[in-house]
$ cat structure.csv   # CSV, C-alpha atoms
chain,number,residue,atom,x,y,z
A,1,MET,CA,-15.5,-12.9,-11.0
A,2,ALA,CA,-13.3,-14.9,-8.6
A,3,LYS,CA,-12.4,-18.5,-9.4
A,4,ALA,CA,-13.9,-21.2,-7.2
A,5,ALA,CA,-11.7,-22.3,-4.3
A,6,ILE,CA,-9.4,-25.3,-5.3
A,7,GLY,CA,-10.1,-27.1,-2.0
A,8,LYS,CA,-10.0,-26.8,1.7
A,9,LEU,CA,-7.2,-27.0,4.2
A,10,ASP,CA,-6.5,-30.6,5.3
A,11,HIS,CA,-3.4,-30.1,7.4
A,12,ILE,CA,-0.3,-27.9,8.1
A,13,GLY,CA,3.0,-29.6,7.8
A,14,ILE,CA,5.6,-28.4,10.3
A,15,ALA,CA,9.3,-29.4,10.0
A,16,VAL,CA,10.9,-30.1,13.4
A,17,LYS,CA,14.3,-31.5,14.5
A,18,SER,CA,12.7,-33.7,17.1
A,19,ILE,CA,9.1,-34.7,17.3
A,20,ALA,CA,9.6,-35.7,21.0
A,21,GLU,CA,10.7,-32.2,21.8
A,22,ALA,CA,8.1,-30.5,19.7
A,23,ARG,CA,5.3,-32.5,21.3
A,24,LYS,CA,6.1,-30.8,24.6
A,25,PHE,CA,5.0,-27.5,23.1
A,26,PHE,CA,2.2,-28.6,20.9
A,27,GLU,CA,0.6,-30.8,23.5
A,28,GLY,CA,1.7,-29.1,26.7
A,29,VAL,CA,1.2,-25.5,25.7
A,30,LEU,CA,-1.3,-25.5,22.8
A,31,GLY,CA,-3.3,-28.6,24.0
A,32,ALA,CA,-3.1,-30.5,20.7
A,33,SER,CA,-3.9,-34.2,20.9
A,34,PHE,CA,-2.0,-37.1,19.3
A,35,LEU,CA,-3.8,-38.8,16.4
A,36,TYR,CA,-1.3,-41.2,14.9
A,37,GLU,CA,2.3,-41.6,13.7
A,38,HIS,CA,4.0,-43.0,10.5
A,39,GLU,CA,7.5,-43.5,9.3
A,40,ASN,CA,8.5,-43.4,5.6
A,41,HIS,CA,12.0,-44.7,5.4
A,42,GLU,CA,12.2,-44.5,1.7
A,43,ALA,CA,11.3,-40.8,1.7
A,44,GLY,CA,13.3,-40.1,4.9
A,45,TYR,CA,10.8,-38.8,7.4
A,46,ARG,CA,8.8,-39.6,10.5
A,47,LEU,CA,5.5,-37.8,11.2
A,48,ILE,CA,2.8,-37.5,13.7
A,49,GLU,CA,-0.6,-36.0,13.2
A,50,MET,CA,-2.1,-34.0,15.9
A,51,ASP,CA,-5.6,-32.4,16.4
A,52,LEU,CA,-5.8,-28.9,17.6
A,53,ASN,CA,-9.5,-28.2,18.1
A,54,GLY,CA,-10.4,-29.5,14.6
A,55,MET,CA,-7.3,-28.3,12.8
A,56,THR,CA,-4.7,-31.0,11.9
A,57,LEU,CA,-1.0,-30.3,12.5
A,58,GLU,CA,1.6,-32.7,11.0
A,59,LEU,CA,5.0,-32.7,12.7
A,60,LEU,CA,7.7,-33.9,10.3
A,61,GLU,CA,11.1,-35.1,11.6
A,62,PRO,CA,14.1,-36.2,9.4
A,63,LEU,CA,14.6,-40.0,9.3
A,64,GLY,CA,18.0,-41.1,8.1
A,65,GLU,CA,21.0,-39.1,6.9
A,66,LYS,CA,19.6,-38.5,3.4
A,67,SER,CA,16.3,-37.0,4.4
A,68,PHE,CA,15.1,-34.0,2.4
A,69,LEU,CA,14.2,-32.4,5.8
A,70,HIS,CA,17.9,-31.9,6.8
A,71,GLY,CA,18.3,-29.4,4.0
A,72,PHE,CA,15.1,-27.6,4.8
A,73,LEU,CA,15.9,-27.4,8.5
A,74,ASP,CA,19.5,-26.3,7.8
A,75,LYS,CA,18.3,-23.5,5.5
A,76,ARG,CA,15.1,-22.4,7.1
A,77,GLY,CA,15.1,-23.8,10.6
A,78,GLU,CA,12.0,-25.4,12.2
A,79,GLY,CA,8.7,-24.1,11.1
A,80,VAL,CA,5.9,-24.4,8.5
A,81,HIS,CA,7.0,-26.7,5.7
A,82,HIS,CA,3.8,-27.0,3.7
A,83,LEU,CA,0.0,-26.6,3.6
A,84,THR,CA,-2.0,-29.5,2.3
A,85,LEU,CA,-5.3,-28.8,0.5
A,86,ASP,CA,-8.0,-31.4,0.2
A,87,VAL,CA,-8.9,-31.1,-3.5
A,88,PRO,CA,-11.8,-33.1,-4.9
A,89,ASP,CA,-10.9,-34.7,-8.2
A,90,ALA,CA,-7.2,-33.9,-7.6
A,91,GLY,CA,-6.0,-35.8,-10.7
A,92,GLU,CA,-8.2,-33.6,-12.9
A,93,LYS,CA,-7.2,-30.4,-11.0
A,94,ILE,CA,-3.5,-31.3,-11.3
A,95,ALA,CA,-3.9,-31.6,-15.1
A,96,GLU,CA,-5.7,-28.3,-15.2
A,97,LEU,CA,-2.9,-26.6,-13.2
A,98,LYS,CA,-0.3,-27.9,-15.6
A,99,ARG,CA,-2.4,-26.7,-18.6
A,100,ASP,CA,-2.5,-23.3,-17.0
A,101,GLY,CA,1.3,-23.2,-16.7
A,102,VAL,CA,1.5,-23.7,-12.9
A,103,LYS,CA,4.7,-25.5,-11.9
A,104,VAL,CA,3.8,-28.7,-10.1
A,105,VAL,CA,6.4,-31.2,-8.8
A,106,ASP,CA,6.4,-34.6,-7.3
A,107,GLU,CA,3.1,-35.7,-8.9
A,108,ARG,CA,1.9,-39.1,-7.7
A,109,GLU,CA,-1.1,-41.3,-8.3
A,110,PHE,CA,-1.7,-43.8,-5.5
A,111,GLY,CA,-5.0,-45.1,-6.9
A,112,PRO,CA,-8.0,-44.1,-9.0
A,113,ASP,CA,-9.2,-41.7,-6.3
A,114,SER,CA,-5.9,-40.7,-4.8
A,115,HIS,CA,-3.6,-38.2,-6.4
A,116,GLU,CA,-1.2,-35.6,-5.1
A,117,CYS,CA,1.4,-33.1,-6.2
A,118,PHE,CA,3.1,-30.1,-4.8
A,119,ILE,CA,2.8,-26.6,-6.3
A,120,SER,CA,6.3,-25.2,-6.5
A,121,PRO,CA,6.9,-22.4,-4.0
A,122,ARG,CA,8.3,-20.4,-6.9
A,123,ALA,CA,4.8,-20.4,-8.4
A,124,SER,CA,3.0,-19.6,-5.1
A,125,HIS,CA,4.9,-16.7,-3.5
A,126,GLY,CA,7.1,-18.9,-1.3
A,127,VAL,CA,4.5,-21.3,0.0
A,128,LEU,CA,4.7,-25.0,-0.6
A,129,PHE,CA,1.2,-26.3,-1.3
A,130,GLN,CA,0.5,-30.0,-1.4
A,131,ILE,CA,-2.8,-30.7,-3.2
A,132,GLY,CA,-4.4,-34.1,-3.2
A,133,SER,CA,-7.3,-36.4,-2.6
A,134,GLY,CA,-7.6,-39.6,-0.7
A,135,TYR,CA,-5.1,-41.8,1.2
A,136,PRO,CA,-2.2,-41.3,1.9
A,137,THR,CA,-2.2,-37.5,1.1
A,138,LEU,CA,-5.1,-36.5,3.4
A,139,ALA,CA,-4.4,-36.6,7.1
A,140,ARG,CA,-8.0,-37.5,8.1
A,141,ALA,CA,-8.3,-40.3,5.5
A,142,ALA,CA,-10.0,-43.3,7.2
A,143,GLU,CA,-7.1,-45.6,6.3
A,144,TRP,CA,-4.8,-43.8,8.6
A,145,PHE,CA,-7.0,-44.6,11.6
A,146,LYS,CA,-7.3,-48.2,10.6
A,147,LYS,CA,-3.5,-48.5,10.6
A,148,LYS,CA,-3.2,-46.5,13.9
A,149,GLY,CA,-4.0,-49.3,16.3
A,150,ASP,CA,-4.1,-48.2,19.9
A,151,GLY,CA,-1.4,-45.5,19.2

$ encode --input "structure.csv" --output "structure tokens"
Amino acid sequence: MAKAAIGKLDHIGIAVKSIAEARKFFEGVLGASFLYEHENHEAGYRLIEMDLNGMTLELLEPLGEKSFLHGFLDKRGEGVHHLTLDVPDAGEKIAELKRDGVKVVDEREFGPDSHECFISPRASHGVLFQIGSGYPTLARAAEWFKKKGDG
């Protein structure tokens, strides 16, 4: 019998060299609409979230010389960086994954109902999965829209 699904797709993270350039395609060609933007200087990225007919796309651009995205873009070029899954009780699920021997990295707890980690691409056939619950992991968390202002 198949195991129950771990969660559902929250957003697709796409690494780009320039958000301004990428927006021309995502908005002008695909018809995606802007939701909000955020900068994380400590982690070295700028992002915008976009809605594409109910699917959320996250465009990630390097911010600063030490951004992890420079290495990704140099090695792989622009394209899909990660898939984020909305996982109820993510803290519990992360513990279960580790017990089952799945390699997880960058585990974080932001609050009692907000956890995240990444499943190493070596464990998931080359795909980087971010799993989590709550703000700030999930793109559609209400807190993002409170911070958005008029955009």

$ closest_residue --input "structure.csv" --among "A:Lys3, A:Arg122, A:Lys8, A:Lys66" --to "Val87 (chain A)" --atoms "all atoms listed in the file"
A:Lys8

$ closest_residue --input "structure.csv" --among "A:Ala5, A:Leu97, A:Val16, A:Ile131" --to "Glu78 (chain A)" --atoms "all atoms listed in the file"
A:Val16

$ closest_residue --input "structure.csv" --among "A:Leu73, A:Ile14, A:Ala90, A:Leu30" --to "Leu47 (chain A)" --atoms "only C-alpha atoms"
A:Ile14

$ closest_residue --input "structure.csv" --among "A:Leu63, A:Leu57, A:Ala22, A:Leu83" --to "Tyr36 (chain A)" --atoms "all atoms listed in the file"
A:Leu57

$ closest_atom_pairs --input "structure.csv" --of "region 5-38 of chain A" --to "region 48-53 of chain A" --cutoff "8 Å" --atoms "all atoms listed in the file" --output "JSON lines"
{"residue": "A:Ile19", "atom": "CA", "partner": "A:Ile48", "partner_atom": "CA", "distance": 7.8}
{"residue": "A:Leu30", "atom": "CA", "partner": "A:Leu52", "partner_atom": "CA", "distance": 7.7}
{"residue": "A:Gly31", "atom": "CA", "partner": "A:Leu52", "partner_atom": "CA", "distance": 6.9}
{"residue": "A:Ala32", "atom": "CA", "partner": "A:Leu52", "partner_atom": "CA", "distance": 4.4}
{"residue": "A:Ser33", "atom": "CA", "partner": "A:Asp51", "partner_atom": "CA", "distance": 5.1}
{"residue": "A:Phe34", "atom": "CA", "partner": "A:Met50", "partner_atom": "CA", "distance": 4.6}
{"residue": "A:Leu35", "atom": "CA", "partner": "A:Met50", "partner_atom": "CA", "distance": 5.1}
{"residue": "A:Tyr36", "atom": "CA", "partner": "A:Glu49", "partner_atom": "CA", "distance": 5.5}
{"residue": "A:Glu37", "atom": "CA", "partner": "A:Ile48", "partner_atom": "CA", "distance": 4.1}
{"residue": "A:His38", "atom": "CA", "partner": "A:Ile48", "partner_atom": "CA", "distance": 6.5}

$ residues_around --input "structure.csv" --residues "Glu109 (chain A)" --least-positions-apart "6" --cutoff "10 Å" --atoms "only C-alpha atoms" --output "list in words"
Ala90, Gly91, His115, Glu116, Cys117, Gly132 and Ser133 of chain A

$ atom_distance --input "structure.csv" --atom1 "CA of Tyr45 (chain A)" --atom2 "CA of Pro136 (chain A)"
14.3 Å

$ atom_distance --input "structure.csv" --atom1 "CA of Asn40 (chain A)" --atom2 "CA of Leu59 (chain A)"
13.3 Å

$ closest_residue --input "structure.csv" --among "A:Gly7, A:Leu60, A:Arg108, A:Lys146" --to "Val80 (chain A)" --atoms "only C-alpha atoms"
A:Leu60

$ atom_distance --input "structure.csv" --atom1 "CA of Gly64 (chain A)" --atom2 "CA of His82 (chain A)"
20.5 Å

$ closest_residue --input "structure.csv" --among "A:Asp106, A:Ala2, A:Arg46, A:Phe72" --to "Ala20 (chain A)" --atoms "only C-alpha atoms"
A:Arg46

$ residues_around --input "structure.csv" --residues "Phe129 (chain A)" --least-positions-apart "4" --cutoff "10 Å" --atoms "all atoms listed in the file" --output "PyMOL selection string"
chain A and resi 12-13+81-85+104+117-121+123-124

$ residues_around --input "structure.csv" --residues "Gly111 (chain A)" --least-positions-apart "3" --cutoff "9 Å" --atoms "all atoms listed in the file" --output "short mmCIF file (atom, residue, chain, number, x, y, z; two decimals) with C-alpha atoms, keeping the file's coordinate frame"
data_model
loop_
_atom_site.label_atom_id
_atom_site.label_comp_id
_atom_site.auth_asym_id
_atom_site.auth_seq_id
_atom_site.Cartn_x
_atom_site.Cartn_y
_atom_site.Cartn_z
CA SER A 114 -5.90 -40.70 -4.80
CA HIS A 115 -3.60 -38.20 -6.40
CA GLY A 134 -7.60 -39.60 -0.70
CA TYR A 135 -5.10 -41.80 1.20
#

$ decode --input "structure.csv" --residues "region 78-92 of chain A" --atoms "N, CA and C atoms" --output "PDB file, in the first residue's frame"
ATOM      1  N   GLU A  78      20.316  29.451 -14.734  1.00  0.00           N
ATOM      2  CA  GLU A  78      18.997  29.791 -14.232  1.00  0.00           C
ATOM      3  C   GLU A  78      18.060  28.596 -14.374  1.00  0.00           C
ATOM      4  N   GLY A  79      17.124  28.496 -13.450  1.00  0.00           N
ATOM      5  CA  GLY A  79      16.145  27.423 -13.531  1.00  0.00           C
ATOM      6  C   GLY A  79      15.638  27.020 -12.171  1.00  0.00           C
ATOM      7  N   VAL A  80      14.939  25.899 -12.134  1.00  0.00           N
ATOM      8  CA  VAL A  80      14.324  25.430 -10.897  1.00  0.00           C
ATOM      9  C   VAL A  80      15.400  25.202  -9.838  1.00  0.00           C
ATOM     10  N   HIS A  81      15.199  25.805  -8.692  1.00  0.00           N
ATOM     11  CA  HIS A  81      16.105  25.649  -7.554  1.00  0.00           C
ATOM     12  C   HIS A  81      15.533  24.658  -6.541  1.00  0.00           C
ATOM     13  N   HIS A  82      14.253  24.805  -6.208  1.00  0.00           N
ATOM     14  CA  HIS A  82      13.642  23.909  -5.224  1.00  0.00           C
ATOM     15  C   HIS A  82      12.128  23.867  -5.388  1.00  0.00           C
ATOM     16  N   LEU A  83      11.537  22.828  -4.808  1.00  0.00           N
ATOM     17  CA  LEU A  83      10.094  22.688  -4.690  1.00  0.00           C
ATOM     18  C   LEU A  83       9.766  22.721  -3.199  1.00  0.00           C
ATOM     19  N   THR A  84       8.830  23.569  -2.815  1.00  0.00           N
ATOM     20  CA  THR A  84       8.452  23.653  -1.406  1.00  0.00           C
ATOM     21  C   THR A  84       7.110  22.975  -1.197  1.00  0.00           C
ATOM     22  N   LEU A  85       7.089  22.070  -0.227  1.00  0.00           N
ATOM     23  CA  LEU A  85       5.879  21.344   0.119  1.00  0.00           C
ATOM     24  C   LEU A  85       5.330  21.845   1.442  1.00  0.00           C
ATOM     25  N   ASP A  86       4.041  22.117   1.472  1.00  0.00           N
ATOM     26  CA  ASP A  86       3.318  22.491   2.677  1.00  0.00           C
ATOM     27  C   ASP A  86       3.016  21.193   3.420  1.00  0.00           C
ATOM     28  N   VAL A  87       3.685  21.010   4.553  1.00  0.00           N
ATOM     29  CA  VAL A  87       3.605  19.764   5.301  1.00  0.00           C
ATOM     30  C   VAL A  87       3.002  20.032   6.679  1.00  0.00           C
ATOM     31  N   PRO A  88       1.759  19.589   6.893  1.00  0.00           N
ATOM     32  CA  PRO A  88       1.176  19.752   8.228  1.00  0.00           C
ATOM     33  C   PRO A  88       2.062  19.061   9.268  1.00  0.00           C
ATOM     34  N   ASP A  89       2.174  19.656  10.436  1.00  0.00           N
ATOM     35  CA  ASP A  89       3.023  19.099  11.502  1.00  0.00           C
ATOM     36  C   ASP A  89       4.435  18.827  10.996  1.00  0.00           C
ATOM     37  N   ALA A  90       5.028  19.834  10.341  1.00  0.00           N
ATOM     38  CA  ALA A  90       6.346  19.650   9.724  1.00  0.00           C
ATOM     39  C   ALA A  90       7.409  19.234  10.729  1.00  0.00           C
ATOM     40  N   GLY A  91       7.372  19.760  11.943  1.00  0.00           N
ATOM     41  CA  GLY A  91       8.365  19.372  12.944  1.00  0.00           C
ATOM     42  C   GLY A  91       8.355  17.872  13.196  1.00  0.00           C
ATOM     43  N   GLU A  92       7.154  17.336  13.316  1.00  0.00           N
ATOM     44  CA  GLU A  92       6.992  15.891  13.522  1.00  0.00           C
ATOM     45  C   GLU A  92       7.462  15.109  12.291  1.00  0.00           C
TER      46      GLU A  92
END
